[in-house]
Amino acid sequence: MNVKYLVIHCSATKENQEFDISDIDRWHKALGWRKVGYHFVVKLDGIVQNGRSLNEIGSHVKGHNRHSIGICYIGGLDKNGNPKDTRTSKQKQSILDTLYMLREKYPKAIIQGHRDFAGVAKACPCFNAKSEYKELPKKKL
């Protein structure tokens, strides 16, 4: 697979509410999808769960799935359901570790949020991933 993008998502769930990949798998199947659309899901405690294999086309950015890897963190909404960066410190570290691992495999891939794609009318991932990871080196220092 020719990976051009590493895409950060949020689950659009309220802060401090625990969900995991089995929940997202159920939600995506309810939409008629075959299985969870993301390649990785990062729980509140920082545990990274594997979704689709890296050899499988994801289902997370319409029109760009064939050339992208999807990473979703649990959260993204405040207690009232408004967009908010709710990443825990453990989630931030796990996302960073996952990005380093993926950058070694796909060094030319651009890191950005779901909202950074044209035509996406969502706040996802509820922070500026493109800016935050702009200077991420190709390898972990």
# chains A, B, ... in the order shown; residues from 1 in each chain; ligands from 1
$ select_by_dssp --residues "stretch 13-124 of chain A" --states "strand (DSSP E or B)" --output "PyMOL selection string"
chain A and resi 13-14+40-42+48-50+68-73+76-77+83+110-113
$ residues_around --residues "A:Lys108" --least-positions-apart "3" --cutoff "12 Å" --atoms "only C-alpha atoms" --output "list in words"
Asn2, Val3, Lys4, Tyr5, Leu6, His67, Ser68, Leu102, Arg103, Glu104, Lys105, Ile111, Leu136, Pro137, Lys138 and Lys139 of chain A
$ write_last_selection --atoms "N, CA and C atoms" --output "compact mmCIF listing (two decimals), in the first residue's frame"
# COMPACT_ATOMS: atom_id res chain seq x y z
N ASN A 2 0.60 2.18 -0.86
CA ASN A 2 1.34 3.43 -0.96
C ASN A 2 0.72 4.44 0.00
N VAL A 3 1.29 4.54 1.20
CA VAL A 3 0.70 5.38 2.25
C VAL A 3 1.19 6.82 2.09
N LYS A 4 0.25 7.72 1.86
CA LYS A 4 0.55 9.14 1.72
C LYS A 4 0.22 9.94 2.98
N TYR A 5 -0.71 9.41 3.80
CA TYR A 5 -1.17 10.14 4.98
C TYR A 5 -1.26 9.25 6.21
N LEU A 6 -0.89 9.83 7.34
CA LEU A 6 -1.15 9.26 8.66
C LEU A 6 -2.18 10.19 9.27
N HIS A 67 -4.86 5.29 0.57
CA HIS A 67 -3.49 5.78 0.76
C HIS A 67 -3.25 6.36 2.16
N SER A 68 -3.97 5.83 3.16
CA SER A 68 -3.81 6.41 4.50
C SER A 68 -3.94 5.36 5.60
N LEU A 102 5.18 4.44 12.62
CA LEU A 102 4.65 4.52 11.26
C LEU A 102 5.57 5.34 10.35
N ARG A 103 6.20 6.38 10.88
CA ARG A 103 7.11 7.20 10.07
C ARG A 103 8.32 6.41 9.62
N GLU A 104 8.75 5.44 10.43
CA GLU A 104 9.86 4.59 10.01
C GLU A 104 9.45 3.74 8.81
N LYS A 105 8.23 3.29 8.81
CA LYS A 105 7.71 2.46 7.73
C LYS A 105 7.29 3.28 6.51
N ILE A 111 1.43 13.80 8.11
CA ILE A 111 0.59 13.61 9.29
C ILE A 111 -0.39 14.77 9.36
N LEU A 136 7.72 16.58 13.42
CA LEU A 136 8.06 15.24 13.91
C LEU A 136 9.16 14.64 13.04
N PRO A 137 10.28 14.30 13.65
CA PRO A 137 11.36 13.72 12.85
C PRO A 137 10.96 12.36 12.26
N LYS A 138 11.68 11.94 11.28
CA LYS A 138 11.41 10.67 10.62
C LYS A 138 11.67 9.49 11.57
N LYS A 139 12.59 9.69 12.51
CA LYS A 139 12.90 8.63 13.47
C LYS A 139 12.89 9.20 14.88
$ residues_around --residues "A:Glu132" --least-positions-apart "4" --cutoff "12 Å" --atoms "only C-alpha atoms" --output "PyMOL selection string"
chain A and resi 8+92+95-96+99+111-113+125+127-128+136
$ residues_around --residues "A:Asn82" --least-positions-apart "4" --cutoff "12 Å" --atoms "only C-alpha atoms" --output "list in words"
Ala12, Thr13, Lys14, Glu15, Gly75, Gly76, Leu77, Asp78, Thr86, Lys122, Ala123, Cys124 and Cys126 of chain A
$ write_last_selection --atoms "C-alpha atoms" --output "PDB file, in the first residue's frame"
ATOM      1  CA  ALA A  12     -16.222  11.924  19.191  1.00  0.00           C
ATOM      2  CA  THR A  13     -17.047  10.667  22.662  1.00  0.00           C
ATOM      3  CA  LYS A  14     -17.200  12.734  25.846  1.00  0.00           C
ATOM      4  CA  GLU A  15     -14.057  13.226  27.908  1.00  0.00           C
ATOM      5  CA  GLY A  75     -12.480  11.268  23.317  1.00  0.00           C
ATOM      6  CA  GLY A  76     -12.679  14.577  21.493  1.00  0.00           C
ATOM      7  CA  LEU A  77     -15.752  16.101  23.158  1.00  0.00           C
ATOM      8  CA  ASP A  78     -16.213  17.995  26.408  1.00  0.00           C
ATOM      9  CA  THR A  86      -9.384  15.653  25.574  1.00  0.00           C
ATOM     10  CA  LYS A 122     -15.914  17.984  11.231  1.00  0.00           C
ATOM     11  CA  ALA A 123     -13.711  19.219  14.067  1.00  0.00           C
ATOM     12  CA  CYS A 124     -12.075  15.780  14.299  1.00  0.00           C
ATOM     13  CA  CYS A 126     -10.441  18.399  17.925  1.00  0.00           C
TER      14      CYS A 126
END
$ closest_residue --among "A:Val61, A:Ile24, A:Ile69, A:Cys10" --to "A:His39" --atoms "only C-alpha atoms"
A:Ile69
$ atom_distance --atom1 "atom CA of A:Val36" --atom2 "atom CA of A:Thr98"
18.0 Å
$ closest_residue --among "A:Val7, A:Ala121, A:Ile57, A:Val41" --to "A:Ala109" --atoms "only C-alpha atoms"
A:Val7
$ select_by_dssp --residues "chain A" --states "alpha helix (DSSP H)" --output "ChimeraX atom specification"
/A:21-30,89-105,129-132
$ write_last_selection --atoms "N, CA and C atoms" --output "mmCIF file, in the first residue's frame"
data_model
loop_
_atom_site.group_PDB
_atom_site.id
_atom_site.type_symbol
_atom_site.label_atom_id
_atom_site.label_comp_id
_atom_site.auth_asym_id
_atom_site.auth_seq_id
_atom_site.Cartn_x
_atom_site.Cartn_y
_atom_site.Cartn_z
ATOM 1 N N ILE A 21 -11.778 -0.424 21.174
ATOM 2 C CA ILE A 21 -11.930 -0.794 19.770
ATOM 3 C C ILE A 21 -13.174 -1.643 19.530
ATOM 4 N N SER A 22 -13.584 -2.435 20.522
ATOM 5 C CA SER A 22 -14.786 -3.262 20.328
ATOM 6 C C SER A 22 -16.029 -2.380 20.195
ATOM 7 N N ASP A 23 -16.060 -1.261 20.928
ATOM 8 C CA ASP A 23 -17.177 -0.324 20.800
ATOM 9 C C ASP A 23 -17.198 0.298 19.400
ATOM 10 N N ILE A 24 -16.031 0.759 18.961
ATOM 11 C CA ILE A 24 -15.955 1.397 17.642
ATOM 12 C C ILE A 24 -16.261 0.388 16.543
ATOM 13 N N ASP A 25 -15.810 -0.847 16.707
ATOM 14 C CA ASP A 25 -16.122 -1.896 15.750
ATOM 15 C C ASP A 25 -17.646 -2.076 15.650
ATOM 16 N N ARG A 26 -18.307 -2.108 16.777
ATOM 17 C CA ARG A 26 -19.773 -2.242 16.805
ATOM 18 C C ARG A 26 -20.447 -1.048 16.111
ATOM 19 N N TRP A 27 -19.961 0.174 16.406
ATOM 20 C CA TRP A 27 -20.526 1.377 15.796
ATOM 21 C C TRP A 27 -20.354 1.356 14.275
ATOM 22 N N HIS A 28 -19.159 0.969 13.829
ATOM 23 C CA HIS A 28 -18.888 0.954 12.398
ATOM 24 C C HIS A 28 -19.689 -0.139 11.691
ATOM 25 N N LYS A 29 -19.839 -1.284 12.328
ATOM 26 C CA LYS A 29 -20.667 -2.343 11.737
ATOM 27 C C LYS A 29 -22.120 -1.898 11.636
ATOM 28 N N ALA A 30 -22.589 -1.117 12.597
ATOM 29 C CA ALA A 30 -23.963 -0.591 12.555
ATOM 30 C C ALA A 30 -24.157 0.348 11.368
ATOM 31 N N SER A 89 -2.380 12.575 28.931
ATOM 32 C CA SER A 89 -0.937 12.578 28.682
ATOM 33 C C SER A 89 -0.491 11.213 28.150
ATOM 34 N N LYS A 90 -1.119 10.146 28.620
ATOM 35 C CA LYS A 90 -0.763 8.807 28.126
ATOM 36 C C LYS A 90 -1.199 8.629 26.672
ATOM 37 N N GLN A 91 -2.346 9.173 26.302
ATOM 38 C CA GLN A 91 -2.765 9.110 24.902
ATOM 39 C C GLN A 91 -1.809 9.896 24.016
ATOM 40 N N LYS A 92 -1.419 11.079 24.467
ATOM 41 C CA LYS A 92 -0.491 11.898 23.674
ATOM 42 C C LYS A 92 0.800 11.130 23.414
ATOM 43 N N GLN A 93 1.336 10.481 24.446
ATOM 44 C CA GLN A 93 2.577 9.732 24.287
ATOM 45 C C GLN A 93 2.390 8.536 23.370
ATOM 46 N N SER A 94 1.285 7.837 23.509
ATOM 47 C CA SER A 94 1.036 6.659 22.672
ATOM 48 C C SER A 94 0.815 7.045 21.209
ATOM 49 N N ILE A 95 0.138 8.151 20.979
ATOM 50 C CA ILE A 95 -0.035 8.621 19.602
ATOM 51 C C ILE A 95 1.336 8.954 19.011
ATOM 52 N N LEU A 96 2.153 9.642 19.783
ATOM 53 C CA LEU A 96 3.495 9.996 19.332
ATOM 54 C C LEU A 96 4.314 8.738 19.026
ATOM 55 N N ASP A 97 4.288 7.758 19.913
ATOM 56 C CA ASP A 97 5.024 6.508 19.694
ATOM 57 C C ASP A 97 4.525 5.797 18.436
ATOM 58 N N THR A 98 3.220 5.797 18.229
ATOM 59 C CA THR A 98 2.636 5.159 17.044
ATOM 60 C C THR A 98 3.067 5.894 15.786
ATOM 61 N N LEU A 99 3.080 7.219 15.839
ATOM 62 C CA LEU A 99 3.509 8.001 14.680
ATOM 63 C C LEU A 99 4.979 7.749 14.349
ATOM 64 N N TYR A 100 5.831 7.648 15.384
ATOM 65 C CA TYR A 100 7.247 7.345 15.134
ATOM 66 C C TYR A 100 7.390 5.994 14.439
ATOM 67 N N MET A 101 6.645 5.003 14.920
ATOM 68 C CA MET A 101 6.703 3.669 14.333
ATOM 69 C C MET A 101 6.250 3.718 12.869
ATOM 70 N N LEU A 102 5.179 4.436 12.618
ATOM 71 C CA LEU A 102 4.653 4.522 11.256
ATOM 72 C C LEU A 102 5.565 5.342 10.350
ATOM 73 N N ARG A 103 6.200 6.382 10.883
ATOM 74 C CA ARG A 103 7.109 7.203 10.071
ATOM 75 C C ARG A 103 8.325 6.410 9.618
ATOM 76 N N GLU A 104 8.745 5.442 10.429
ATOM 77 C CA GLU A 104 9.861 4.594 10.006
ATOM 78 C C GLU A 104 9.455 3.744 8.810
ATOM 79 N N LYS A 105 8.226 3.295 8.813
ATOM 80 C CA LYS A 105 7.711 2.455 7.733
ATOM 81 C C LYS A 105 7.294 3.283 6.512
ATOM 82 N N ALA A 129 -3.671 18.702 14.519
ATOM 83 C CA ALA A 129 -2.675 17.640 14.367
ATOM 84 C C ALA A 129 -1.609 18.023 13.340
ATOM 85 N N LYS A 130 -2.024 18.667 12.281
ATOM 86 C CA LYS A 130 -1.082 19.055 11.226
ATOM 87 C C LYS A 130 0.032 19.935 11.799
ATOM 88 N N SER A 131 -0.350 20.901 12.608
ATOM 89 C CA SER A 131 0.612 21.796 13.231
ATOM 90 C C SER A 131 1.419 21.093 14.321
ATOM 91 N N GLU A 132 0.738 20.331 15.166
ATOM 92 C CA GLU A 132 1.416 19.684 16.299
ATOM 93 C C GLU A 132 2.504 18.713 15.856
#
$ atom_distance --atom1 "atom CA of A:Arg115" --atom2 "atom CA of A:Ile47"
24.1 Å
$ residues_around --residues "A:Phe40" --least-positions-apart "6" --cutoff "8 Å" --atoms "only C-alpha atoms" --output "CSV table (one decimal) with N, CA and C atoms, in the first residue's frame"
chain,number,residue,atom,x,y,z
A,48,VAL,N,-2.7,1.1,23.1
A,48,VAL,CA,-3.0,1.2,21.6
A,48,VAL,C,-3.5,-0.2,21.2
A,49,GLN,N,-4.7,-0.2,20.7
A,49,GLN,CA,-5.3,-1.4,20.2
A,49,GLN,C,-5.3,-1.4,18.7
A,50,ASN,N,-5.0,-2.6,18.1
A,50,ASN,CA,-4.9,-2.8,16.7
A,50,ASN,C,-6.3,-3.0,16.1
A,51,GLY,N,-6.5,-2.3,15.0
A,51,GLY,CA,-7.8,-2.4,14.3
A,51,GLY,C,-7.5,-3.2,13.0
A,52,ARG,N,-7.6,-2.5,11.9
A,52,ARG,CA,-7.3,-3.1,10.6
A,52,ARG,C,-5.8,-3.3,10.5
A,70,GLY,N,-5.3,5.2,9.6
A,70,GLY,CA,-6.1,5.9,10.6
A,70,GLY,C,-5.7,5.5,12.0
A,71,ILE,N,-5.5,6.6,12.8
A,71,ILE,CA,-5.2,6.5,14.2
A,71,ILE,C,-6.3,7.3,15.0
A,72,CYS,N,-7.1,6.6,15.8
A,72,CYS,CA,-8.2,7.3,16.6
A,72,CYS,C,-7.9,7.2,18.1
$ closest_residue --among "A:Asp85, A:Ser53, A:His64, A:Ser59" --to "A:Gly32" --atoms "only C-alpha atoms"
A:Ser59
$ atom_distance --atom1 "atom CA of A:Thr88" --atom2 "atom CA of A:Tyr133"
16.7 Å
